[in-house]
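Undergrad: Contents of input_9.tsv (TSV, C-alpha atoms and all ligand atoms):
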chain	number	residue	atom	x	y	z
A	1	MET	CA	0.00	0.00	0.00
A	2	THR	CA	1.32	3.45	-0.88
A	3	THR	CA	0.00	6.98	-0.56
A	4	SER	CA	0.48	9.97	-2.79
A	5	SER	CA	-0.71	13.49	-2.27
A	6	THR	CA	-1.54	16.35	-4.64
A	7	ALA	CA	-1.98	20.03	-3.86
A	8	VAL	CA	-5.50	21.39	-4.11
A	9	PRO	CA	-5.35	24.05	-6.84
A	10	SER	CA	-7.22	26.99	-5.36
A	11	HIS	CA	-8.02	28.71	-2.04
A	12	ALA	CA	-7.43	25.55	-0.03
A	13	PRO	CA	-7.09	25.94	3.71
A	14	GLY	CA	-3.81	25.24	5.40
A	15	THR	CA	-0.41	24.70	3.86
A	16	THR	CA	1.51	21.67	2.74
A	17	ALA	CA	3.37	21.67	6.05
A	18	VAL	CA	0.26	21.14	8.19
A	19	ALA	CA	-0.80	17.59	8.91
A	20	ALA	CA	-4.57	17.33	9.31
A	21	ALA	CA	-4.20	13.72	10.41
A	22	ARG	CA	-1.16	11.62	11.22
A	23	ALA	CA	-0.45	7.97	11.93
A	24	THR	CA	2.80	6.97	13.62
A	25	GLY	CA	3.69	3.31	13.79
A	26	LEU	CA	0.07	2.31	13.31
A	27	SER	CA	-0.66	-1.40	13.48
A	28	LYS	CA	-3.96	-3.25	13.27
A	29	VAL	CA	-4.30	-6.96	13.85
A	30	TYR	CA	-7.56	-8.80	13.25
A	31	GLY	CA	-8.27	-12.09	14.96
A	32	SER	CA	-5.85	-14.31	16.81
A	33	GLY	CA	-4.17	-17.67	16.48
A	34	GLU	CA	-4.85	-19.36	13.14
A	35	THR	CA	-7.07	-16.50	11.98
A	36	ARG	CA	-4.63	-13.72	12.92
A	37	VAL	CA	-4.28	-11.12	10.14
A	38	VAL	CA	-1.87	-8.18	10.34
A	39	ALA	CA	-3.79	-5.63	8.27
A	40	LEU	CA	-1.54	-2.66	9.11
A	41	ASP	CA	2.09	-3.24	10.05
A	42	ASN	CA	3.79	-0.16	11.53
A	43	VAL	CA	2.34	2.42	9.13
A	44	SER	CA	3.46	6.04	9.45
A	45	VAL	CA	1.78	8.63	7.22
A	46	ASP	CA	0.76	12.29	7.28
A	47	PHE	CA	-2.38	13.55	5.56
A	48	HIS	CA	-1.72	17.22	4.86
A	49	ALA	CA	-4.31	19.96	5.09
A	50	GLY	CA	-5.22	21.42	1.72
A	51	ARG	CA	-4.06	18.43	-0.30
A	52	PHE	CA	-5.75	15.45	-1.86
A	53	THR	CA	-4.17	12.14	-0.85
A	54	ALA	CA	-4.60	8.89	-2.76
A	55	ILE	CA	-4.14	5.51	-1.10
A	56	MET	CA	-3.19	2.85	-3.62
A	57	GLY	CA	-2.58	-0.86	-3.30
A	58	PRO	CA	-3.92	-4.29	-4.16
A	59	SER	CA	-7.04	-5.74	-2.60
A	60	GLY	CA	-6.37	-6.71	0.99
A	61	SER	CA	-3.37	-4.40	1.42
A	62	GLY	CA	-5.12	-2.44	4.19
A	63	LYS	CA	-6.50	0.69	2.51
A	64	SER	CA	-9.94	0.54	4.11
A	65	THR	CA	-8.46	-0.51	7.45
A	66	LEU	CA	-6.17	2.54	7.41
A	67	MET	CA	-9.12	4.85	6.66
A	68	HIS	CA	-11.29	3.30	9.34
A	69	CYS	CA	-8.58	3.55	11.99
A	70	MET	CA	-7.60	7.12	11.11
A	71	ALA	CA	-11.24	8.22	11.05
A	72	GLY	CA	-11.79	6.77	14.51
A	73	LEU	CA	-14.33	4.29	13.17
A	74	ASP	CA	-12.27	1.29	14.27
A	75	SER	CA	-9.78	0.57	17.03
A	76	PHE	CA	-6.12	-0.11	16.35
A	77	SER	CA	-3.67	-2.51	17.97
A	78	SER	CA	-0.72	-0.15	18.46
A	79	GLY	CA	0.65	3.20	17.31
B	101	LIG	N1	-13.22	-7.39	10.07
B	101	LIG	C1	-12.16	-8.10	9.67
B	101	LIG	N2	-11.83	-9.26	10.27
B	101	LIG	C2	-10.73	-9.97	9.88
B	101	LIG	N3	-9.91	-9.59	8.89
B	101	LIG	C3	-10.19	-8.45	8.25
B	101	LIG	C4	-11.32	-7.64	8.59
B	101	LIG	N4	-11.33	-6.54	7.79
B	101	LIG	C5	-10.27	-6.66	6.98
B	101	LIG	N5	-9.58	-7.81	7.25
B	101	LIG	C6	-8.34	-8.26	6.58
B	101	LIG	O1	-7.39	-7.21	6.67
B	101	LIG	C7	-6.64	-7.09	5.46
B	101	LIG	C8	-6.81	-5.69	4.90
B	101	LIG	O2	-8.15	-5.54	4.46
B	101	LIG	P1	-8.72	-4.16	3.88
B	101	LIG	O3	-10.18	-4.33	3.75
B	101	LIG	O4	-8.23	-3.00	4.71
B	101	LIG	O5	-8.01	-4.10	2.45
B	101	LIG	P2	-8.28	-3.11	1.22
B	101	LIG	O6	-6.92	-2.64	0.78
B	101	LIG	O7	-9.28	-2.06	1.61
B	101	LIG	O8	-8.89	-4.09	0.13
B	101	LIG	P3	-9.94	-3.79	-1.06
B	101	LIG	O9	-9.15	-3.13	-2.18
B	101	LIG	O10	-10.44	-5.15	-1.46
B	101	LIG	O11	-11.04	-2.90	-0.52
B	101	LIG	C9	-7.15	-8.21	4.55
B	101	LIG	O12	-6.30	-9.33	4.72
B	101	LIG	C10	-8.55	-8.49	5.09
B	101	LIG	O13	-8.93	-9.83	4.84
B	102	MG	MG	-11.18	-1.54	0.88
Give the structure from this file in structure tokens form.
TA:
Amino acid sequence: MTTSSTAVPSHAPGTTAVAAARATGLSKVYGSGETRVVALDNVSVDFHAGRFTAIMGPSGSGKSTLMHCMAGLDSFSSG
């Protein structure tokens, strides 16, 4: 999974230096034992104010899990 961010062209709030949301060493593990799945493994990312950010990766790479955790819609394991 990778992220890429693009400046918003006009009158966007904030600057590229301001992180609107940040994850530091974010990990999310579903299940335990035989069904244990590490969906996020030590992810660190800034989402900057005034920029569009794309999250890209194959199915199952953790895009939705990252969004859910950063939006506070799901709990995380560490970070
Ligand atoms: N509720 C859950 N319980 C157990 N495992 C889960 C759960 N939700 C997601 N997973 C697992 O976590 C990993 C990441 O899933 P996630 O849905 O975040 O991927 P994704 O990048 O959004 O995939 P897609 O492109 O298909 O939407 C996958 O291995 C998935 O099977
Ligand atoms: Mg998804």
Undergrad: Counting all atoms listed in the file, which residues come within 10 Å of (-4.1, -1.3, 15.9), with the point read in the file's coordinates, and could you list them as a PyMOL selection string?
TA: chain A and resi 25-30+38-42+65-66+69+74-79
Undergrad: Between A:Arg51, A:Met67, A:Pro58, A:Asp46, which one has atoms that come closest to Met1 in chain A, using only C-alpha atoms?
TA: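 Going through A:Arg51, A:Met67, A:Pro58, A:Asp46 one by one, the smallest distance to Met1 in chain A is for A:Pro58.
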Undergrad: Just the residues within 9 Å of Ser5 in chain A, please, counting only C-alpha atoms, with nothing from its chain fewer than 4 positions along; format it as a CSV table (one decimal) with C-alpha atoms, in the coordinates of the input.
TA:
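Below is the file out-v3.csv, written as the result:
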chain,number,residue,atom,x,y,z
A,47,PHE,CA,-2.4,13.6,5.6
A,48,HIS,CA,-1.7,17.2,4.9
A,51,ARG,CA,-4.1,18.4,-0.3
A,52,PHE,CA,-5.8,15.4,-1.9
A,53,THR,CA,-4.2,12.1,-0.8
A,54,ALA,CA,-4.6,8.9,-2.8
A,55,ILE,CA,-4.1,5.5,-1.1
Undergrad: I need the residue nearest Ala71 in chain A from this list: A:Ala20, A:Ser59, A:Gly50, A:Ser32. Use all atoms listed in the file for the distance.
TA: A:Ala20
Undergrad: Between A:His68, A:Arg36, A:Lys63, A:Arg22, which residue has the minimum interatomic distance to Thr2 in chain A, considering all atoms listed in the file?
TA: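 Closest residue, counting all atoms listed in the file: A:Lys63.
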Undergrad: Measuring between only C-alpha atoms and all ligand atoms, which one of A:Ala21, A:Val37, A:Gly57, A:Gly72 shows the shortest distance to ligand MG 102 (chain B)?
TA: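 When distances to ligand MG 102 (chain B) are compared using only C-alpha atoms and all ligand atoms, the smallest one comes from A:Gly57.
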Undergrad: What is the atom C7 of ligand LIG 101 (chain B)-CA of Ser64 in chain A distance in Å, reported with one decimal?
TA: 8.4 Å
Undergrad: For each of A:Thr3, A:Ser44, A:Ala49, A:Val18, take the minimum atom-to-atom distance to ligand LIG 101 (chain B), counting all atoms listed in the file, then give the residue where this is smallest.
TA: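 Once distances to ligand LIG 101 (chain B) are computed over all atoms listed in the file, the minimum belongs to A:Thr3.
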